[in-house]
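What follows is a single structure, written as structure tokens, with notes after it.
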Amino acid sequence: MSRFADVEETTPLLKDDASSDDYQNDDYRSRWRSIQVMYFTMFLSSVGFTIVITSLWPYLQKVDNTANASFLGWVVAAYSLGQMVASPIFGLWSNHRPCREPLVCSIFINLSANIYYAYVYLPRTENKFHMLISRAFVGFGAGNVAAVRSYVAGATSLKERTSAMANMSACQALGFILGPAMQACLSFIGEHGVTVKIINLQLNMYTTPALLAAAFGVINILLVLLVLKEHSVDDHGRQIQSINYTSEDRVDIIQESEETIDKVAVGTSNILFFVVMFVFAVFETIATPLTMDIFAWTRKEAILYNGIFICCIGFESILVFLAVKVASQRVGDRPVLLAGLVIIFCGFFTLLPWGNHYPRIQWADVKNNSLVNQMSFTVTSNSSLEPTGCPYQQTWCQYTPAIYLAQYISSGILIGVGYPACNVMSYTLYSKILGPKPQGVYMGWLTASGSGARTLGPVFVSHVYTILGPRWAFSQICGMVLVTIILFGSIYHRLLAFSVRCRRTVE
């Protein structure tokens with residue numbers, strides 16, 4: 001057994017009291033090896049998204065100079081739109097067929113789309129739409145997270161569930177760490193890099209990350225084909241597929257499957273997850289344009305610094321996932337989720353502009369203008385090869401105070417605490433609310449709600465930010481989170497595990 005599996009066996013949160021002998025048999029070892037493959041799949045899914053996220057904007061500007069910040073929102077949203085469409089499909093597929101099938105298909109689509117992304121500079125026109133389509137297919141392939149989470153929910157006991165979901169979210173966070181970190185490292189290749197003439201491929205800081213994500217996809221397919229086995233256990237951790245049930249057991253299972261789930265709790269959980277994913281999508285989308293506008297960073301500086309910053313937030317998230325395991329065991333899942341929402345609210349509230357310091361303005365075709373020089377903000381001439389600062393077309397730059405670097409860092413730290421806590425608790429509560437029935441379709445809808453948030457979030461923030469500026473954009477996010485906290489409080493008493501609600505005891 002792998003070292004990771006050994007750790008899982010000795011972790012109190014993963015210990016199952018059903019039978020001590022069960023921990024020594026082949027089914028148990030195979031089950032956890034398969035779950036670890038799902039951890040790796042989730043890791044690669046997040047890597048595929050974040051490994052290019054900080055370079056999307058400069059790459060888009062490079063391949064098509066007609067693209068603006070609003071179109072960037074659509075490019076970022078395309079990934080989530082593809083995932084939203086695919087999640088219920090792959091979830092339904094995994095309910096009726098071996099999980100291996102939708103996983104291999106989705107990963108192949110993902111790696112093919114990453115290769116397409118690396119070649120979007122080749123067409124002579126409409127390159128921005130080729131980038132949009134490539135990101136949509138990358139997201140479609142990432143729709144397998146519904147099948148992944150459904151598999152883990154079905155392959156763990158109720159006692160193992162929180163820890164397994166936390167581990168999976170930690171792997172997802174690790175992907176968020178290494179994705180931007182890899183992009184930051186590959187930024188040293190530069191914008192020009194080298195050209196492989198035989199396949200007409202430019203290897204630079206924009207295309208190499210996508211090709212690396214495609215290579216990871218090949219490894220993932222091999223693991224799914226060679227290691228993954230189908231496993232399903234009940235709430236007690238007893239194997240379902242490989243044992244022969246008595247007539248009494250069959251009656252219990254039929255009765256359990258006939259018990260209705262709480263549709264209000266399920267619907268509310270989808271709304272909560274939508275908001276959590278929406279606000280994080282807003283933050284990761286606006287990070288690069290915001291820092292380029294407010295701090296006058298160049299494209300390369302924005303990619304490097306934001307890559308390092310998001311990497312640090314990812315490390316912070318892993319610590320939060322570890323703390324969530326302990327906190328949820330002591331105080332319960334719901335209080336942890338509520339605390340995460342409050343912290344997210346504080347994070348965006350911290351990001352609101354204030355003071356008398358204004359961003360540097362990037363003026364086009366304006367030099368030595370006396371009226372401009374009399375203004376209270378700093379003016380940057382267009383004489384450099386790459387103008388920096390806030391574009392003059394964004395009129396809010398002239399009257400909206402700049403965000404201080406300390407605000408930006410503090411906000412990221414707070415969101416880096418609140419988001420992972422809400423993420424893992426949303427999935428954990430949702431899987432417990434659903435109970436022992438196959439969860440592929442329901443997990444597909446939950447993933448689709450998160451993908452819908454990732455679709456609307458970038459579009460929302462790119463338009464509001466471009467037209468009205470950060471003050472209006474972040475104020476509306478604060479209002480949304482506040483309403484969500486109120487909704488959560490009103491439905492708090494109904495967010496219970498299926499077994500608890502049906503008055504069943506789990507040993």
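By convention in this document, the chains of the structure tokens carry letters A, B, ... by their order, each chain's residues are numbered from 1, and ligands are numbered from 1 in the order they are shown.
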
Could you produce a table of the residues of range 25-90 of chain A lying within 9 Å of range 154-176 of chain A, with the nearest pair of atoms per residue and their separation in Å rounded to one decimal, using only C-alpha atoms, ordered by chain and increasing residue number, as JSON lines?
{"residue": "A:Arg31", "atom": "CA", "partner": "A:Ala155", "partner_atom": "CA", "distance": 7.1}
{"residue": "A:Trp32", "atom": "CA", "partner": "A:Ala155", "partner_atom": "CA", "distance": 8.6}
{"residue": "A:Ile35", "atom": "CA", "partner": "A:Ala155", "partner_atom": "CA", "distance": 7.7}
{"residue": "A:Gln36", "atom": "CA", "partner": "A:Met168", "partner_atom": "CA", "distance": 8.7}
{"residue": "A:Met38", "atom": "CA", "partner": "A:Met168", "partner_atom": "CA", "distance": 7.8}
{"residue": "A:Tyr39", "atom": "CA", "partner": "A:Met168", "partner_atom": "CA", "distance": 5.2}
{"residue": "A:Phe40", "atom": "CA", "partner": "A:Cys171", "partner_atom": "CA", "distance": 7.0}
{"residue": "A:Thr41", "atom": "CA", "partner": "A:Cys171", "partner_atom": "CA", "distance": 8.9}
{"residue": "A:Met42", "atom": "CA", "partner": "A:Gln172", "partner_atom": "CA", "distance": 5.6}
{"residue": "A:Phe43", "atom": "CA", "partner": "A:Gln172", "partner_atom": "CA", "distance": 4.6}
{"residue": "A:Leu44", "atom": "CA", "partner": "A:Gly175", "partner_atom": "CA", "distance": 6.4}
{"residue": "A:Ser45", "atom": "CA", "partner": "A:Gln172", "partner_atom": "CA", "distance": 7.5}
{"residue": "A:Ser46", "atom": "CA", "partner": "A:Gly175", "partner_atom": "CA", "distance": 5.0}
{"residue": "A:Val47", "atom": "CA", "partner": "A:Gly175", "partner_atom": "CA", "distance": 4.5}
{"residue": "A:Gly48", "atom": "CA", "partner": "A:Gly175", "partner_atom": "CA", "distance": 8.2}
{"residue": "A:Phe49", "atom": "CA", "partner": "A:Phe176", "partner_atom": "CA", "distance": 8.2}
{"residue": "A:Thr50", "atom": "CA", "partner": "A:Phe176", "partner_atom": "CA", "distance": 5.8}
{"residue": "A:Ile51", "atom": "CA", "partner": "A:Phe176", "partner_atom": "CA", "distance": 7.9}

Only N, CA, C and O atoms, please: the residues just picked out, written as a PDB file, in the first residue's frame.
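Saved file result_15.pdb follows:
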ATOM      1  N   ARG A  31      -9.905  -0.159  -2.378  1.00  0.00           N
ATOM      2  CA  ARG A  31     -10.833   0.975  -2.260  1.00  0.00           C
ATOM      3  C   ARG A  31     -10.075   2.279  -2.050  1.00  0.00           C
ATOM      4  O   ARG A  31     -10.347   3.282  -2.708  1.00  0.00           O
ATOM      5  N   TRP A  32      -9.093   2.264  -1.156  1.00  0.00           N
ATOM      6  CA  TRP A  32      -8.372   3.509  -0.878  1.00  0.00           C
ATOM      7  C   TRP A  32      -7.394   3.880  -1.990  1.00  0.00           C
ATOM      8  O   TRP A  32      -7.123   5.052  -2.227  1.00  0.00           O
ATOM      9  N   ILE A  35      -9.631   5.635  -4.366  1.00  0.00           N
ATOM     10  CA  ILE A  35      -9.954   6.974  -3.875  1.00  0.00           C
ATOM     11  C   ILE A  35      -8.776   7.919  -4.095  1.00  0.00           C
ATOM     12  O   ILE A  35      -8.947   9.088  -4.460  1.00  0.00           O
ATOM     13  N   GLN A  36      -7.561   7.402  -3.932  1.00  0.00           N
ATOM     14  CA  GLN A  36      -6.373   8.226  -4.161  1.00  0.00           C
ATOM     15  C   GLN A  36      -6.243   8.618  -5.636  1.00  0.00           C
ATOM     16  O   GLN A  36      -5.767   9.709  -5.956  1.00  0.00           O
ATOM     17  N   MET A  38      -8.779   9.241  -7.448  1.00  0.00           N
ATOM     18  CA  MET A  38      -9.736  10.340  -7.549  1.00  0.00           C
ATOM     19  C   MET A  38      -9.156  11.632  -6.981  1.00  0.00           C
ATOM     20  O   MET A  38      -9.412  12.721  -7.501  1.00  0.00           O
ATOM     21  N   TYR A  39      -8.378  11.514  -5.908  1.00  0.00           N
ATOM     22  CA  TYR A  39      -7.689  12.688  -5.378  1.00  0.00           C
ATOM     23  C   TYR A  39      -6.801  13.299  -6.464  1.00  0.00           C
ATOM     24  O   TYR A  39      -6.781  14.520  -6.672  1.00  0.00           O
ATOM     25  N   PHE A  40      -6.049  12.447  -7.163  1.00  0.00           N
ATOM     26  CA  PHE A  40      -5.140  12.919  -8.192  1.00  0.00           C
ATOM     27  C   PHE A  40      -5.905  13.533  -9.357  1.00  0.00           C
ATOM     28  O   PHE A  40      -5.484  14.548  -9.933  1.00  0.00           O
ATOM     29  N   THR A  41      -7.044  12.935  -9.708  1.00  0.00           N
ATOM     30  CA  THR A  41      -7.877  13.484 -10.780  1.00  0.00           C
ATOM     31  C   THR A  41      -8.387  14.868 -10.425  1.00  0.00           C
ATOM     32  O   THR A  41      -8.395  15.785 -11.265  1.00  0.00           O
ATOM     33  N   MET A  42      -8.795  15.039  -9.169  1.00  0.00           N
ATOM     34  CA  MET A  42      -9.257  16.349  -8.725  1.00  0.00           C
ATOM     35  C   MET A  42      -8.111  17.357  -8.742  1.00  0.00           C
ATOM     36  O   MET A  42      -8.284  18.524  -9.126  1.00  0.00           O
ATOM     37  N   PHE A  43      -6.944  16.909  -8.348  1.00  0.00           N
ATOM     38  CA  PHE A  43      -5.753  17.764  -8.375  1.00  0.00           C
ATOM     39  C   PHE A  43      -5.481  18.256  -9.797  1.00  0.00           C
ATOM     40  O   PHE A  43      -5.264  19.441 -10.033  1.00  0.00           O
ATOM     41  N   LEU A  44      -5.504  17.339 -10.754  1.00  0.00           N
ATOM     42  CA  LEU A  44      -5.211  17.711 -12.133  1.00  0.00           C
ATOM     43  C   LEU A  44      -6.306  18.598 -12.725  1.00  0.00           C
ATOM     44  O   LEU A  44      -6.043  19.436 -13.585  1.00  0.00           O
ATOM     45  N   SER A  45      -7.538  18.413 -12.269  1.00  0.00           N
ATOM     46  CA  SER A  45      -8.634  19.246 -12.749  1.00  0.00           C
ATOM     47  C   SER A  45      -8.394  20.710 -12.380  1.00  0.00           C
ATOM     48  O   SER A  45      -8.581  21.612 -13.209  1.00  0.00           O
ATOM     49  N   SER A  46      -7.966  20.955 -11.141  1.00  0.00           N
ATOM     50  CA  SER A  46      -7.702  22.330 -10.723  1.00  0.00           C
ATOM     51  C   SER A  46      -6.430  22.874 -11.366  1.00  0.00           C
ATOM     52  O   SER A  46      -6.345  24.061 -11.685  1.00  0.00           O
ATOM     53  N   VAL A  47      -5.434  22.007 -11.575  1.00  0.00           N
ATOM     54  CA  VAL A  47      -4.220  22.441 -12.267  1.00  0.00           C
ATOM     55  C   VAL A  47      -4.559  22.905 -13.685  1.00  0.00           C
ATOM     56  O   VAL A  47      -4.056  23.926 -14.158  1.00  0.00           O
ATOM     57  N   GLY A  48      -5.422  22.152 -14.361  1.00  0.00           N
ATOM     58  CA  GLY A  48      -5.797  22.500 -15.729  1.00  0.00           C
ATOM     59  C   GLY A  48      -6.460  23.859 -15.826  1.00  0.00           C
ATOM     60  O   GLY A  48      -6.377  24.530 -16.875  1.00  0.00           O
ATOM     61  N   PHE A  49      -7.114  24.278 -14.752  1.00  0.00           N
ATOM     62  CA  PHE A  49      -7.748  25.595 -14.761  1.00  0.00           C
ATOM     63  C   PHE A  49      -6.768  26.703 -14.379  1.00  0.00           C
ATOM     64  O   PHE A  49      -6.655  27.721 -15.049  1.00  0.00           O
ATOM     65  N   THR A  50      -6.016  26.497 -13.290  1.00  0.00           N
ATOM     66  CA  THR A  50      -5.199  27.580 -12.742  1.00  0.00           C
ATOM     67  C   THR A  50      -3.859  27.748 -13.422  1.00  0.00           C
ATOM     68  O   THR A  50      -3.231  28.796 -13.292  1.00  0.00           O
ATOM     69  N   ILE A  51      -3.387  26.731 -14.143  1.00  0.00           N
ATOM     70  CA  ILE A  51      -2.043  26.813 -14.715  1.00  0.00           C
ATOM     71  C   ILE A  51      -1.956  27.899 -15.790  1.00  0.00           C
ATOM     72  O   ILE A  51      -0.856  28.366 -16.126  1.00  0.00           O
TER      73      ILE A  51
END

Report task. Mind checking which residues fall within 7 Å of Ile177 in chain A, counting only C-alpha atoms, ignoring those fewer than 2 positions away in the same chain, and posting them as a PyMOL selection string? Result -> chain A and resi 173-175+179-181+310-311+314-315

Inset, instruction - Compile the contact shell of His493 in chain A as an MDAnalysis selection string: residues with an atom at most 12 Å away, counting only C-alpha atoms, same-chain residues fewer than 5 positions apart removed. - result: chainID A and resid 262 264:265 268 334:335 487:488 500:501

Give me a file of those residues, with N, CA, C and O atoms, as a compact mmCIF listing (two decimals), in the first residue's frame.
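Written out: result.txt:
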# COMPACT_ATOMS: atom_id res chain seq x y z
N ASP A 262 -34.49 15.61 1.71
CA ASP A 262 -35.02 16.94 1.97
C ASP A 262 -34.69 17.84 0.78
O ASP A 262 -33.56 18.32 0.63
N VAL A 264 -35.65 20.85 0.12
CA VAL A 264 -35.32 22.23 0.51
C VAL A 264 -33.84 22.32 0.89
O VAL A 264 -33.14 23.26 0.49
N ALA A 265 -33.38 21.35 1.67
CA ALA A 265 -31.97 21.34 2.07
C ALA A 265 -31.06 21.17 0.85
O ALA A 265 -30.01 21.82 0.76
N THR A 268 -31.13 24.50 -1.14
CA THR A 268 -30.36 25.53 -0.43
C THR A 268 -28.87 25.27 -0.52
O THR A 268 -28.07 26.20 -0.67
N ARG A 334 -21.94 22.51 10.07
CA ARG A 334 -22.67 23.75 9.80
C ARG A 334 -22.00 24.99 10.39
O ARG A 334 -21.89 26.01 9.71
N PRO A 335 -21.53 24.95 11.65
CA PRO A 335 -20.84 26.14 12.17
C PRO A 335 -19.58 26.50 11.38
O PRO A 335 -19.26 27.68 11.21
N LEU A 487 -29.77 33.65 4.54
CA LEU A 487 -30.44 32.45 4.04
C LEU A 487 -29.96 31.22 4.78
O LEU A 487 -30.77 30.36 5.17
N PHE A 488 -28.67 31.12 4.98
CA PHE A 488 -28.10 29.97 5.69
C PHE A 488 -28.65 29.88 7.11
O PHE A 488 -29.00 28.79 7.59
N VAL A 500 -29.42 11.12 10.13
CA VAL A 500 -29.88 11.84 11.32
C VAL A 500 -31.33 12.27 11.14
O VAL A 500 -32.16 12.12 12.05
N ARG A 501 -31.64 12.78 9.98
CA ARG A 501 -33.01 13.25 9.72
C ARG A 501 -34.00 12.10 9.78
O ARG A 501 -35.13 12.25 10.23

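Using only C-alpha atoms, the contacts of Val336 in chain A at a cut-off of 9 Å, with sequence neighbours closer than 3 positions omitted, comprise A:Val324, A:Ala327, A:Ser328, A:Val331, A:Gly332, A:Asp333, A:Ala339, A:Gly340, A:Leu341, A:Ala421, A:Cys422, A:Met425.
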
Saved selection, atoms kept: N, CA, C and O atoms, as a PDB file, in the first residue's frame:
ATOM      1  N   VAL A 324     -10.064  22.212   9.219  1.00  0.00           N
ATOM      2  CA  VAL A 324     -11.494  21.913   9.049  1.00  0.00           C
ATOM      3  C   VAL A 324     -11.820  20.517   9.549  1.00  0.00           C
ATOM      4  O   VAL A 324     -12.877  20.279  10.141  1.00  0.00           O
ATOM      5  N   ALA A 327     -12.019  20.899  13.312  1.00  0.00           N
ATOM      6  CA  ALA A 327     -13.103  21.794  13.717  1.00  0.00           C
ATOM      7  C   ALA A 327     -14.472  21.166  13.482  1.00  0.00           C
ATOM      8  O   ALA A 327     -15.369  21.263  14.333  1.00  0.00           O
ATOM      9  N   SER A 328     -14.654  20.502  12.330  1.00  0.00           N
ATOM     10  CA  SER A 328     -15.952  19.899  12.029  1.00  0.00           C
ATOM     11  C   SER A 328     -16.264  18.752  12.986  1.00  0.00           C
ATOM     12  O   SER A 328     -17.425  18.494  13.309  1.00  0.00           O
ATOM     13  N   VAL A 331     -17.162  20.882  16.474  1.00  0.00           N
ATOM     14  CA  VAL A 331     -18.319  21.775  16.525  1.00  0.00           C
ATOM     15  C   VAL A 331     -19.375  21.437  15.488  1.00  0.00           C
ATOM     16  O   VAL A 331     -20.481  21.987  15.530  1.00  0.00           O
ATOM     17  N   GLY A 332     -19.057  20.578  14.518  1.00  0.00           N
ATOM     18  CA  GLY A 332     -20.017  20.213  13.488  1.00  0.00           C
ATOM     19  C   GLY A 332     -19.729  20.905  12.158  1.00  0.00           C
ATOM     20  O   GLY A 332     -18.971  21.878  12.095  1.00  0.00           O
ATOM     21  N   ASP A 333     -20.361  20.403  11.106  1.00  0.00           N
ATOM     22  CA  ASP A 333     -20.122  20.931   9.761  1.00  0.00           C
ATOM     23  C   ASP A 333     -20.745  22.306   9.551  1.00  0.00           C
ATOM     24  O   ASP A 333     -20.146  23.190   8.926  1.00  0.00           O
ATOM     25  N   ALA A 339     -18.965  30.092   9.587  1.00  0.00           N
ATOM     26  CA  ALA A 339     -17.770  30.890   9.853  1.00  0.00           C
ATOM     27  C   ALA A 339     -17.039  31.226   8.558  1.00  0.00           C
ATOM     28  O   ALA A 339     -16.533  32.352   8.382  1.00  0.00           O
ATOM     29  N   GLY A 340     -16.991  30.274   7.619  1.00  0.00           N
ATOM     30  CA  GLY A 340     -16.345  30.526   6.336  1.00  0.00           C
ATOM     31  C   GLY A 340     -17.022  31.638   5.558  1.00  0.00           C
ATOM     32  O   GLY A 340     -16.353  32.488   4.954  1.00  0.00           O
ATOM     33  N   LEU A 341     -18.356  31.665   5.562  1.00  0.00           N
ATOM     34  CA  LEU A 341     -19.091  32.722   4.863  1.00  0.00           C
ATOM     35  C   LEU A 341     -18.803  34.092   5.460  1.00  0.00           C
ATOM     36  O   LEU A 341     -18.637  35.082   4.736  1.00  0.00           O
ATOM     37  N   ALA A 421     -12.876  26.530   3.579  1.00  0.00           N
ATOM     38  CA  ALA A 421     -13.779  26.031   4.620  1.00  0.00           C
ATOM     39  C   ALA A 421     -15.184  25.844   4.055  1.00  0.00           C
ATOM     40  O   ALA A 421     -15.839  24.816   4.291  1.00  0.00           O
ATOM     41  N   CYS A 422     -15.665  26.825   3.295  1.00  0.00           N
ATOM     42  CA  CYS A 422     -16.997  26.723   2.694  1.00  0.00           C
ATOM     43  C   CYS A 422     -17.040  25.638   1.622  1.00  0.00           C
ATOM     44  O   CYS A 422     -18.043  24.914   1.499  1.00  0.00           O
ATOM     45  N   MET A 425     -17.024  22.039   3.282  1.00  0.00           N
ATOM     46  CA  MET A 425     -18.228  21.817   4.076  1.00  0.00           C
ATOM     47  C   MET A 425     -19.475  21.743   3.195  1.00  0.00           C
ATOM     48  O   MET A 425     -20.417  21.018   3.503  1.00  0.00           O
TER      49      MET A 425
END

Counting only C-alpha atoms, closest pick from A:Thr285, A:Gln202, A:Asn25, A:Asn110 relative to Gly457 in chain A is A:Thr285

- Query: Do you know which residues are at most 10 Å from Ala118 in chain A counting only C-alpha atoms, after dropping those on the same chain fewer than 5 positions away, and could you put them as a ChimeraX atom specification?
  - Reply: /A:113,131,134,201-204,206-211

Saved selection, atoms kept: all heavy atoms, as a short mmCIF file (atom, residue, chain, number, x, y, z; two decimals), in the first residue's frame:
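Output file selection-v1.cif follows:
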data_model
loop_
_atom_site.label_atom_id
_atom_site.label_comp_id
_atom_site.auth_asym_id
_atom_site.auth_seq_id
_atom_site.Cartn_x
_atom_site.Cartn_y
_atom_site.Cartn_z
N ALA A 113 -8.19 19.73 -25.64
CA ALA A 113 -8.51 21.16 -25.63
C ALA A 113 -7.31 22.00 -25.20
O ALA A 113 -7.14 23.13 -25.68
CB ALA A 113 -9.69 21.41 -24.70
N MET A 131 -9.66 31.02 -28.64
CA MET A 131 -9.31 30.86 -27.23
C MET A 131 -10.55 30.57 -26.39
O MET A 131 -10.54 29.72 -25.50
CB MET A 131 -8.61 32.12 -26.70
CG MET A 131 -8.19 31.99 -25.24
SD MET A 131 -7.33 33.44 -24.58
CE MET A 131 -5.77 33.30 -25.43
N SER A 134 -11.54 26.92 -26.97
CA SER A 134 -10.61 25.98 -26.35
C SER A 134 -10.84 25.90 -24.85
O SER A 134 -10.85 24.80 -24.26
CB SER A 134 -9.17 26.38 -26.65
OG SER A 134 -8.82 27.59 -26.01
N LEU A 201 4.84 24.98 -33.67
CA LEU A 201 4.42 25.24 -32.28
C LEU A 201 5.39 26.22 -31.62
O LEU A 201 6.60 26.02 -31.64
CB LEU A 201 4.38 23.94 -31.49
CG LEU A 201 4.09 24.07 -29.98
CD1 LEU A 201 2.70 24.65 -29.75
CD2 LEU A 201 4.23 22.70 -29.31
N GLN A 202 4.82 27.26 -31.02
CA GLN A 202 5.61 28.20 -30.24
C GLN A 202 5.57 27.79 -28.77
O GLN A 202 4.49 27.68 -28.18
CB GLN A 202 5.05 29.62 -30.38
CG GLN A 202 5.20 30.22 -31.77
CD GLN A 202 4.64 31.62 -31.85
OE1 GLN A 202 4.24 32.20 -30.84
NE2 GLN A 202 4.59 32.17 -33.05
N LEU A 203 6.75 27.55 -28.22
CA LEU A 203 6.85 27.23 -26.80
C LEU A 203 7.25 28.49 -26.05
O LEU A 203 8.40 28.92 -26.09
CB LEU A 203 7.88 26.12 -26.57
CG LEU A 203 7.54 24.74 -27.14
CD1 LEU A 203 8.69 23.76 -26.93
CD2 LEU A 203 6.27 24.19 -26.49
N ASN A 204 6.29 29.11 -25.40
CA ASN A 204 6.56 30.32 -24.64
C ASN A 204 5.82 30.26 -23.31
O ASN A 204 5.24 29.22 -22.96
CB ASN A 204 6.16 31.57 -25.44
CG ASN A 204 4.73 31.50 -25.94
OD1 ASN A 204 3.83 31.03 -25.23
ND2 ASN A 204 4.49 31.96 -27.16
N TYR A 206 3.09 31.37 -22.45
CA TYR A 206 1.65 31.24 -22.58
C TYR A 206 1.23 29.82 -22.98
O TYR A 206 0.22 29.30 -22.49
CB TYR A 206 1.11 32.23 -23.62
CG TYR A 206 1.47 33.67 -23.34
CD1 TYR A 206 2.07 34.44 -24.32
CD2 TYR A 206 1.18 34.26 -22.12
CE1 TYR A 206 2.39 35.78 -24.07
CE2 TYR A 206 1.50 35.58 -21.86
CZ TYR A 206 2.11 36.33 -22.84
OH TYR A 206 2.42 37.65 -22.59
N THR A 207 1.96 29.19 -23.88
CA THR A 207 1.56 27.89 -24.42
C THR A 207 2.11 26.71 -23.63
O THR A 207 1.46 25.67 -23.54
CB THR A 207 2.03 27.76 -25.88
OG1 THR A 207 3.46 27.84 -25.93
CG2 THR A 207 1.45 28.88 -26.74
N THR A 208 3.29 26.85 -23.06
CA THR A 208 3.91 25.73 -22.35
C THR A 208 3.07 25.22 -21.18
O THR A 208 2.95 24.00 -20.99
CB THR A 208 5.32 26.12 -21.85
OG1 THR A 208 6.09 26.60 -22.95
CG2 THR A 208 6.03 24.92 -21.25
N PRO A 209 2.45 26.09 -20.36
CA PRO A 209 1.61 25.58 -19.27
C PRO A 209 0.46 24.70 -19.76
O PRO A 209 0.15 23.68 -19.15
CB PRO A 209 1.09 26.86 -18.61
CG PRO A 209 2.12 27.89 -18.91
CD PRO A 209 2.60 27.55 -20.29
N ALA A 210 -0.17 25.08 -20.87
CA ALA A 210 -1.28 24.29 -21.39
C ALA A 210 -0.80 22.92 -21.87
O ALA A 210 -1.47 21.90 -21.66
CB ALA A 210 -1.97 25.03 -22.54
N LEU A 211 0.38 22.89 -22.49
CA LEU A 211 0.94 21.61 -22.94
C LEU A 211 1.33 20.74 -21.76
O LEU A 211 1.19 19.51 -21.82
CB LEU A 211 2.14 21.88 -23.85
CG LEU A 211 1.84 22.60 -25.17
CD1 LEU A 211 3.12 22.95 -25.90
CD2 LEU A 211 0.93 21.74 -26.05
#

As a ChimeraX atom specification, which residues of range 69-276 of chain A does DSSP assign to helix (DSSP H, G or I)? /A:69-96,100-118,127-154,158-189,197-199,208-226,247-258,263-276

List as a count of residues only the protein and nucleic acid residues near Val282 in chain A, meaning an atom at most 7 Å away when only C-alpha atoms are counted, but skip any in the same chain fewer than 3 places from it. 7

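Taking the backbone of this structure through DSSP, the residues of range 31-237 of chain A that come out as strand (DSSP E or B) are Val194, Thr195, Val196, Leu201, Gln202, Leu203 and Val233 of chain A.
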
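Each of A:Arg135, A:Lys325, A:Lys432, A:Lys62 was compared to Ser150 in chain A using only C-alpha atoms, and A:Lys432 turns out to be the nearest.
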
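Proximity to Ala142 in chain A at 10 Å, evaluated using only C-alpha atoms and with sequence-adjacent residues fewer than 2 positions away removed, yields A:Thr41, A:Met42, A:Leu44, A:Ser45, A:Ser46, A:Gly48, A:Phe49, A:Tyr79, A:Ser80, A:Gly82, A:Gln83, A:Met84, A:Ala86, A:Ser87, A:Phe90, A:Leu103, A:Ser106, A:Ile107, A:Ile109, A:Asn110, A:Ala136, A:Phe137, A:Val138, A:Gly139, A:Phe140, A:Asn144, A:Val145, A:Ala146.
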
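Across the structure, CA of Tyr28 in chain A and CA of Glu101 in chain A are spaced 22.4 Å apart.
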
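The space separating CA of Lys128 in chain A from CA of Asn68 in chain A comes to 10.0 Å.
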
Expressed in Å, the length from CA of Ile308 in chain A to CA of Ala184 in chain A is 6.9 Å

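Taking only C-alpha atoms into account, Thr54 in chain A lies nearest to A:Pro289 out of the set A:Gly479, A:Gly444, A:Gly418, A:Pro289.
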